[in-house]
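Peer 1: As input, take my_file.cif (mmCIF, N, CA and C atoms):
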```
data_structure
#
loop_
_atom_site.label_atom_id
_atom_site.label_comp_id
_atom_site.auth_asym_id
_atom_site.auth_seq_id
_atom_site.Cartn_x
_atom_site.Cartn_y
_atom_site.Cartn_z
N HIS P 1 27.13 13.45 11.46
CA HIS P 1 27.43 14.86 11.38
C HIS P 1 26.91 15.54 12.64
N CYS P 2 27.65 16.53 13.07
CA CYS P 2 27.29 17.30 14.25
C CYS P 2 27.38 18.77 13.88
N PHE P 3 26.32 19.51 14.17
CA PHE P 3 26.28 20.94 13.89
C PHE P 3 26.31 21.68 15.22
N GLU P 4 27.37 22.43 15.47
CA GLU P 4 27.54 23.14 16.75
C GLU P 4 28.11 24.53 16.47
N PRO P 5 27.27 25.57 16.54
CA PRO P 5 27.75 26.93 16.25
C PRO P 5 28.55 27.59 17.38
N ASN P 6 28.33 27.15 18.61
CA ASN P 6 29.01 27.79 19.75
C ASN P 6 30.50 27.45 19.70
N PRO P 7 31.37 28.45 19.54
CA PRO P 7 32.80 28.16 19.42
C PRO P 7 33.39 27.47 20.65
N HIS P 8 32.88 27.78 21.84
CA HIS P 8 33.39 27.15 23.06
C HIS P 8 33.00 25.67 23.10
N THR P 9 31.74 25.39 22.80
CA THR P 9 31.26 24.01 22.80
C THR P 9 31.89 23.23 21.66
N ALA P 10 32.04 23.86 20.50
CA ALA P 10 32.68 23.20 19.36
C ALA P 10 34.13 22.82 19.69
N ALA P 11 34.83 23.67 20.41
CA ALA P 11 36.22 23.37 20.79
C ALA P 11 36.27 22.15 21.71
N ARG P 12 35.34 22.07 22.64
CA ARG P 12 35.28 20.92 23.55
C ARG P 12 34.95 19.64 22.78
N LEU P 13 34.01 19.76 21.87
CA LEU P 13 33.64 18.60 21.05
C LEU P 13 34.81 18.17 20.17
N ARG P 14 35.49 19.15 19.58
CA ARG P 14 36.66 18.84 18.74
C ARG P 14 37.72 18.09 19.55
N ALA P 15 37.95 18.52 20.79
CA ALA P 15 38.94 17.85 21.65
C ALA P 15 38.49 16.42 21.97
N ASN P 16 37.20 16.23 22.25
CA ASN P 16 36.69 14.89 22.51
C ASN P 16 36.80 14.00 21.28
N LEU P 17 36.52 14.56 20.13
CA LEU P 17 36.64 13.78 18.89
C LEU P 17 38.09 13.39 18.63
N ALA P 18 39.03 14.25 18.98
CA ALA P 18 40.45 13.93 18.81
C ALA P 18 40.86 12.76 19.70
N LEU P 19 40.22 12.64 20.86
CA LEU P 19 40.50 11.52 21.76
C LEU P 19 39.85 10.23 21.28
N ASN P 20 38.91 10.35 20.37
CA ASN P 20 38.16 9.20 19.85
C ASN P 20 38.15 9.22 18.32
N PRO P 21 39.31 9.09 17.70
CA PRO P 21 39.41 9.27 16.25
C PRO P 21 38.64 8.24 15.42
N ASP P 22 38.24 7.13 16.02
CA ASP P 22 37.51 6.11 15.27
C ASP P 22 36.02 6.39 15.17
N LEU P 23 35.54 7.39 15.89
CA LEU P 23 34.11 7.74 15.80
C LEU P 23 33.82 8.39 14.45
N PRO P 24 32.78 7.95 13.78
CA PRO P 24 32.45 8.51 12.46
C PRO P 24 31.63 9.79 12.57
N ILE P 25 32.21 10.82 13.21
CA ILE P 25 31.50 12.08 13.43
C ILE P 25 32.26 13.21 12.75
N THR P 26 31.53 13.99 11.97
CA THR P 26 32.09 15.18 11.33
C THR P 26 31.46 16.40 11.99
N LEU P 27 32.29 17.27 12.54
CA LEU P 27 31.82 18.49 13.19
C LEU P 27 31.72 19.62 12.18
N HIS P 28 30.58 20.29 12.15
CA HIS P 28 30.37 21.48 11.32
C HIS P 28 30.07 22.62 12.28
N GLN P 29 30.92 23.63 12.30
CA GLN P 29 30.73 24.74 13.23
C GLN P 29 29.82 25.79 12.60
N VAL P 30 28.56 25.40 12.40
CA VAL P 30 27.51 26.26 11.86
C VAL P 30 26.22 25.97 12.61
N ALA P 31 25.27 26.89 12.52
CA ALA P 31 23.93 26.68 13.08
C ALA P 31 23.00 26.26 11.95
N LEU P 32 22.02 25.43 12.27
CA LEU P 32 20.98 25.09 11.30
C LEU P 32 19.78 25.98 11.55
N GLY P 33 19.19 26.46 10.48
CA GLY P 33 18.03 27.33 10.60
C GLY P 33 17.15 27.25 9.37
N ASP P 34 16.23 28.21 9.25
CA ASP P 34 15.30 28.19 8.12
C ASP P 34 15.80 29.01 6.93
N ARG P 35 16.97 29.64 7.08
CA ARG P 35 17.58 30.38 5.96
C ARG P 35 19.08 30.51 6.18
N THR P 36 19.78 30.77 5.10
CA THR P 36 21.23 30.96 5.17
C THR P 36 21.51 32.43 5.44
N GLU P 37 22.21 32.68 6.53
CA GLU P 37 22.53 34.05 6.92
C GLU P 37 23.56 34.03 8.05
N THR P 38 24.10 35.17 8.36
CA THR P 38 24.96 35.31 9.54
C THR P 38 24.13 35.92 10.65
N ARG P 39 24.18 35.29 11.83
CA ARG P 39 23.41 35.75 12.99
C ARG P 39 24.36 35.93 14.16
N THR P 40 23.89 36.60 15.20
CA THR P 40 24.66 36.70 16.43
C THR P 40 24.21 35.59 17.37
N LEU P 41 25.17 34.82 17.85
CA LEU P 41 24.92 33.80 18.86
C LEU P 41 25.25 34.42 20.21
N TYR P 42 24.23 34.60 21.06
CA TYR P 42 24.43 35.20 22.38
C TYR P 42 24.74 34.10 23.38
N PHE P 43 25.83 34.28 24.13
CA PHE P 43 26.26 33.28 25.09
C PHE P 43 25.40 33.33 26.35
N GLY P 44 25.19 32.16 26.93
CA GLY P 44 24.52 32.07 28.21
C GLY P 44 25.42 32.60 29.31
N PRO P 45 24.87 32.81 30.50
CA PRO P 45 25.69 33.30 31.62
C PRO P 45 26.72 32.24 32.02
N PRO P 46 27.79 32.64 32.69
CA PRO P 46 28.80 31.67 33.12
C PRO P 46 28.15 30.51 33.87
N GLY P 47 28.55 29.32 33.52
CA GLY P 47 28.03 28.13 34.18
C GLY P 47 26.71 27.63 33.61
N ASN P 48 26.18 28.29 32.57
CA ASN P 48 24.93 27.84 31.98
C ASN P 48 24.94 28.04 30.46
N ILE P 49 25.75 27.26 29.77
CA ILE P 49 25.81 27.40 28.31
C ILE P 49 24.50 26.98 27.65
N GLY P 50 23.63 26.30 28.40
CA GLY P 50 22.33 25.90 27.87
C GLY P 50 21.44 27.08 27.52
N GLN P 51 21.76 28.26 28.03
CA GLN P 51 20.97 29.45 27.69
C GLN P 51 21.52 30.18 26.47
N THR P 52 22.57 29.67 25.86
CA THR P 52 23.10 30.28 24.64
C THR P 52 21.99 30.29 23.59
N SER P 53 21.85 31.40 22.86
CA SER P 53 20.68 31.54 21.99
C SER P 53 20.96 32.43 20.78
N LEU P 54 20.30 32.11 19.68
CA LEU P 54 20.31 32.99 18.51
C LEU P 54 19.20 34.03 18.60
N VAL P 55 18.27 33.86 19.52
CA VAL P 55 17.10 34.72 19.61
C VAL P 55 17.12 35.56 20.87
N VAL P 56 17.09 34.91 22.02
CA VAL P 56 17.05 35.60 23.31
C VAL P 56 18.46 36.06 23.66
N ARG P 57 18.56 37.20 24.31
CA ARG P 57 19.87 37.72 24.73
C ARG P 57 20.05 37.50 26.23
N PRO P 58 20.53 36.29 26.62
CA PRO P 58 20.74 36.06 28.05
C PRO P 58 21.88 36.91 28.60
N THR P 59 22.83 37.28 27.74
CA THR P 59 23.92 38.20 28.09
C THR P 59 24.16 39.09 26.89
N ALA P 60 24.94 40.13 27.05
CA ALA P 60 25.26 41.02 25.94
C ALA P 60 26.39 40.45 25.08
N GLU P 61 27.07 39.41 25.59
CA GLU P 61 28.22 38.85 24.89
C GLU P 61 27.75 37.88 23.82
N GLY P 62 28.27 38.05 22.60
CA GLY P 62 27.90 37.15 21.51
C GLY P 62 28.96 37.12 20.44
N THR P 63 28.74 36.29 19.45
CA THR P 63 29.66 36.15 18.34
C THR P 63 28.88 35.87 17.08
N PRO P 64 29.35 36.37 15.93
CA PRO P 64 28.64 36.05 14.69
C PRO P 64 28.86 34.59 14.32
N VAL P 65 27.78 33.95 13.84
CA VAL P 65 27.87 32.56 13.40
C VAL P 65 27.15 32.42 12.06
N GLU P 66 27.62 31.48 11.27
CA GLU P 66 26.98 31.17 10.01
C GLU P 66 25.79 30.26 10.27
N CYS P 67 24.65 30.62 9.71
CA CYS P 67 23.45 29.77 9.77
C CYS P 67 23.20 29.24 8.37
N VAL P 68 22.89 27.95 8.29
CA VAL P 68 22.61 27.30 7.01
C VAL P 68 21.34 26.47 7.16
N THR P 69 20.75 26.10 6.03
CA THR P 69 19.61 25.18 6.08
C THR P 69 20.13 23.77 5.90
N ALA P 70 19.48 22.82 6.55
CA ALA P 70 19.88 21.42 6.40
C ALA P 70 19.68 20.99 4.95
N ASP P 71 18.58 21.42 4.32
CA ASP P 71 18.32 21.06 2.93
C ASP P 71 19.44 21.55 2.03
N GLY P 72 19.87 22.80 2.24
CA GLY P 72 20.95 23.37 1.42
C GLY P 72 22.27 22.66 1.65
N TRP P 73 22.54 22.32 2.90
CA TRP P 73 23.78 21.62 3.26
C TRP P 73 23.83 20.26 2.57
N ILE P 74 22.70 19.55 2.59
CA ILE P 74 22.62 18.23 1.97
C ILE P 74 22.70 18.36 0.45
N ALA P 75 21.98 19.33 -0.13
CA ALA P 75 21.99 19.53 -1.59
C ALA P 75 23.40 19.87 -2.09
N ALA P 76 24.19 20.55 -1.25
CA ALA P 76 25.56 20.91 -1.63
C ALA P 76 26.52 19.74 -1.46
N GLY P 77 26.02 18.60 -0.96
CA GLY P 77 26.86 17.43 -0.78
C GLY P 77 27.75 17.47 0.45
N LYS P 78 27.42 18.36 1.38
CA LYS P 78 28.24 18.48 2.59
C LYS P 78 27.84 17.50 3.68
N ALA P 79 26.68 16.85 3.52
CA ALA P 79 26.21 15.84 4.46
C ALA P 79 25.17 14.98 3.75
N ASP P 80 25.06 13.74 4.18
CA ASP P 80 24.02 12.85 3.67
C ASP P 80 22.72 13.16 4.40
N PRO P 81 21.58 12.81 3.79
CA PRO P 81 20.32 12.99 4.51
C PRO P 81 20.34 12.19 5.81
N PRO P 82 19.84 12.79 6.89
CA PRO P 82 19.90 12.10 8.19
C PRO P 82 18.84 11.01 8.31
N THR P 83 19.13 10.04 9.15
CA THR P 83 18.13 9.04 9.53
C THR P 83 17.56 9.38 10.91
N VAL P 84 18.32 10.14 11.71
CA VAL P 84 17.89 10.58 13.03
C VAL P 84 18.40 12.00 13.23
N VAL P 85 17.57 12.84 13.83
CA VAL P 85 17.96 14.22 14.14
C VAL P 85 17.70 14.46 15.61
N LYS P 86 18.70 14.97 16.33
CA LYS P 86 18.56 15.36 17.73
C LYS P 86 18.77 16.86 17.80
N VAL P 87 17.81 17.58 18.34
CA VAL P 87 17.86 19.04 18.34
C VAL P 87 17.78 19.55 19.77
N ASP P 88 18.62 20.53 20.10
CA ASP P 88 18.53 21.24 21.38
C ASP P 88 17.77 22.54 21.11
N VAL P 89 16.67 22.72 21.83
CA VAL P 89 15.92 23.97 21.67
C VAL P 89 15.66 24.58 23.02
#
```
Rewrite the structure from the file as structure tokens, please.

Peer 2:
Amino acid sequence: HCFEPNPHTAARLRANLALNPDLPITLHQVALGDRTETRTLYFGPPGNIGQTSLVVRPTAEGTPVECVTADGWIAAGKADPPTVVKVDV
């Protein structure tokens, strides 16, 4: 499972997954957090999507995104418990 709230990055990932249909990856276009809520995802400046943030406002441009908890997602049967977690912070 892959959790990617940024619509631009999710679109790129979706295109890559389409080129590799045998990969066992399910994309969820949501953010993981400590509570379920809608937040604003602020985009990083052009050429630096790594600064995209739910907290810091690197630019004024943003989009609402759904935030969910991993525990809630798993309890709802939307994903199995992970054996490995990779987080970008």

Peer 1: Quote the spacing between CA of Val89 in chain P and atom C of Thr36 in chain P in Å to one decimal place.

Peer 2: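 A separation of 19.1 Å between them.
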
Peer 1: Find the residue from P:Ala75, P:Val30, P:Val84, P:Arg39 that sits nearest to Gly62 in chain P; use all atoms listed in the file when measuring.

Peer 2: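 Nearest candidate to Gly62 in chain P out of P:Ala75, P:Val30, P:Val84, P:Arg39: P:Arg39.
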
Peer 1: For a test of reading the model, state the distance in Å between CA of Asp88 in chain P and atom C of Leu17 in chain P, rounded to one decimal.

Peer 2: 21.3 Å

Peer 1: Name the residues captured by the PyMOL selection byres ((chain P and resi 34) around 8) when it is applied to the shown file; answer as a count of residues only.

Peer 2: 10

Peer 1: Separation of CA of Pro82 in chain P and CA of Arg14 in chain P, in Å?

Peer 2: 20.9 Å

Peer 1: Env of Asn6 in chain P: 8 Å cut, atoms = all atoms listed in the file, seq-sep filter 3 positions within chain, self excluded. Answer as a list of chain:residue names.

Peer 2: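 These residues fall inside the cut-off: P:Phe3, P:Thr9, P:Ala10, P:Ala11, P:Arg12, P:His28, P:Gln29, P:Val30, P:Ala31, P:Leu41, P:Val65.
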
Peer 1: Can you work out which one of P:Glu66, P:Val55, P:Asn16, P:Leu23 has the shortest atom-to-atom distance to Thr38 in chain P, counting all atoms listed in the file?

Peer 2: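 Result for the nearest residue to Thr38 in chain P: P:Glu66.
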
Peer 1: Please reconstruct the missing atoms of range 51-72 of chain P (target: N, CA, C and O atoms) and return them as a PDB file, in the frame of the given file.

Peer 2:
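What landed in out-v1.pdb:
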```pdb
ATOM      1  N   GLN P  51      21.760  28.260  28.030  1.00  0.00           N
ATOM      2  CA  GLN P  51      20.970  29.450  27.690  1.00  0.00           C
ATOM      3  C   GLN P  51      21.520  30.180  26.470  1.00  0.00           C
ATOM      4  O   GLN P  51      20.962  31.205  26.076  1.00  0.00           O
ATOM      5  N   THR P  52      22.570  29.670  25.860  1.00  0.00           N
ATOM      6  CA  THR P  52      23.100  30.280  24.640  1.00  0.00           C
ATOM      7  C   THR P  52      21.990  30.290  23.590  1.00  0.00           C
ATOM      8  O   THR P  52      21.274  29.318  23.426  1.00  0.00           O
ATOM      9  N   SER P  53      21.850  31.400  22.860  1.00  0.00           N
ATOM     10  CA  SER P  53      20.680  31.540  21.990  1.00  0.00           C
ATOM     11  C   SER P  53      20.960  32.430  20.780  1.00  0.00           C
ATOM     12  O   SER P  53      21.753  33.375  20.863  1.00  0.00           O
ATOM     13  N   LEU P  54      20.300  32.110  19.680  1.00  0.00           N
ATOM     14  CA  LEU P  54      20.310  32.990  18.510  1.00  0.00           C
ATOM     15  C   LEU P  54      19.200  34.030  18.600  1.00  0.00           C
ATOM     16  O   LEU P  54      19.170  34.973  17.837  1.00  0.00           O
ATOM     17  N   VAL P  55      18.270  33.860  19.520  1.00  0.00           N
ATOM     18  CA  VAL P  55      17.100  34.720  19.610  1.00  0.00           C
ATOM     19  C   VAL P  55      17.120  35.560  20.870  1.00  0.00           C
ATOM     20  O   VAL P  55      17.136  36.784  20.828  1.00  0.00           O
ATOM     21  N   VAL P  56      17.090  34.910  22.020  1.00  0.00           N
ATOM     22  CA  VAL P  56      17.050  35.600  23.310  1.00  0.00           C
ATOM     23  C   VAL P  56      18.460  36.060  23.660  1.00  0.00           C
ATOM     24  O   VAL P  56      19.440  35.384  23.364  1.00  0.00           O
ATOM     25  N   ARG P  57      18.560  37.200  24.310  1.00  0.00           N
ATOM     26  CA  ARG P  57      19.870  37.720  24.730  1.00  0.00           C
ATOM     27  C   ARG P  57      20.050  37.500  26.230  1.00  0.00           C
ATOM     28  O   ARG P  57      19.804  38.400  27.021  1.00  0.00           O
ATOM     29  N   PRO P  58      20.530  36.290  26.620  1.00  0.00           N
ATOM     30  CA  PRO P  58      20.740  36.060  28.050  1.00  0.00           C
ATOM     31  C   PRO P  58      21.880  36.910  28.600  1.00  0.00           C
ATOM     32  O   PRO P  58      21.904  37.228  29.773  1.00  0.00           O
ATOM     33  N   THR P  59      22.830  37.280  27.740  1.00  0.00           N
ATOM     34  CA  THR P  59      23.920  38.200  28.090  1.00  0.00           C
ATOM     35  C   THR P  59      24.160  39.090  26.890  1.00  0.00           C
ATOM     36  O   THR P  59      23.645  38.824  25.796  1.00  0.00           O
ATOM     37  N   ALA P  60      24.940  40.130  27.050  1.00  0.00           N
ATOM     38  CA  ALA P  60      25.260  41.020  25.940  1.00  0.00           C
ATOM     39  C   ALA P  60      26.390  40.450  25.080  1.00  0.00           C
ATOM     40  O   ALA P  60      26.638  40.933  23.986  1.00  0.00           O
ATOM     41  N   GLU P  61      27.070  39.410  25.590  1.00  0.00           N
ATOM     42  CA  GLU P  61      28.220  38.850  24.890  1.00  0.00           C
ATOM     43  C   GLU P  61      27.750  37.880  23.820  1.00  0.00           C
ATOM     44  O   GLU P  61      26.931  36.993  24.064  1.00  0.00           O
ATOM     45  N   GLY P  62      28.270  38.050  22.600  1.00  0.00           N
ATOM     46  CA  GLY P  62      27.900  37.150  21.510  1.00  0.00           C
ATOM     47  C   GLY P  62      28.960  37.120  20.440  1.00  0.00           C
ATOM     48  O   GLY P  62      29.964  37.843  20.507  1.00  0.00           O
ATOM     49  N   THR P  63      28.740  36.290  19.450  1.00  0.00           N
ATOM     50  CA  THR P  63      29.660  36.150  18.340  1.00  0.00           C
ATOM     51  C   THR P  63      28.880  35.870  17.080  1.00  0.00           C
ATOM     52  O   THR P  63      27.830  35.216  17.121  1.00  0.00           O
ATOM     53  N   PRO P  64      29.350  36.370  15.930  1.00  0.00           N
ATOM     54  CA  PRO P  64      28.640  36.050  14.690  1.00  0.00           C
ATOM     55  C   PRO P  64      28.860  34.590  14.320  1.00  0.00           C
ATOM     56  O   PRO P  64      29.947  34.052  14.490  1.00  0.00           O
ATOM     57  N   VAL P  65      27.780  33.950  13.840  1.00  0.00           N
ATOM     58  CA  VAL P  65      27.870  32.560  13.400  1.00  0.00           C
ATOM     59  C   VAL P  65      27.150  32.420  12.060  1.00  0.00           C
ATOM     60  O   VAL P  65      26.203  33.152  11.766  1.00  0.00           O
ATOM     61  N   GLU P  66      27.620  31.480  11.270  1.00  0.00           N
ATOM     62  CA  GLU P  66      26.980  31.170  10.010  1.00  0.00           C
ATOM     63  C   GLU P  66      25.790  30.260  10.270  1.00  0.00           C
ATOM     64  O   GLU P  66      25.897  29.264  10.983  1.00  0.00           O
ATOM     65  N   CYS P  67      24.650  30.620   9.710  1.00  0.00           N
ATOM     66  CA  CYS P  67      23.450  29.770   9.770  1.00  0.00           C
ATOM     67  C   CYS P  67      23.200  29.240   8.370  1.00  0.00           C
ATOM     68  O   CYS P  67      23.284  29.981   7.388  1.00  0.00           O
ATOM     69  N   VAL P  68      22.890  27.950   8.290  1.00  0.00           N
ATOM     70  CA  VAL P  68      22.610  27.300   7.010  1.00  0.00           C
ATOM     71  C   VAL P  68      21.340  26.470   7.160  1.00  0.00           C
ATOM     72  O   VAL P  68      20.914  26.172   8.268  1.00  0.00           O
ATOM     73  N   THR P  69      20.750  26.100   6.030  1.00  0.00           N
ATOM     74  CA  THR P  69      19.610  25.180   6.080  1.00  0.00           C
ATOM     75  C   THR P  69      20.130  23.770   5.900  1.00  0.00           C
ATOM     76  O   THR P  69      21.103  23.531   5.178  1.00  0.00           O
ATOM     77  N   ALA P  70      19.480  22.820   6.550  1.00  0.00           N
ATOM     78  CA  ALA P  70      19.880  21.420   6.400  1.00  0.00           C
ATOM     79  C   ALA P  70      19.680  20.990   4.950  1.00  0.00           C
ATOM     80  O   ALA P  70      20.533  20.293   4.379  1.00  0.00           O
ATOM     81  N   ASP P  71      18.580  21.420   4.320  1.00  0.00           N
ATOM     82  CA  ASP P  71      18.320  21.060   2.930  1.00  0.00           C
ATOM     83  C   ASP P  71      19.440  21.550   2.030  1.00  0.00           C
ATOM     84  O   ASP P  71      19.909  20.833   1.140  1.00  0.00           O
ATOM     85  N   GLY P  72      19.870  22.800   2.240  1.00  0.00           N
ATOM     86  CA  GLY P  72      20.950  23.370   1.420  1.00  0.00           C
ATOM     87  C   GLY P  72      22.270  22.660   1.650  1.00  0.00           C
ATOM     88  O   GLY P  72      23.040  22.431   0.716  1.00  0.00           O
TER      89      GLY P  72
END
```
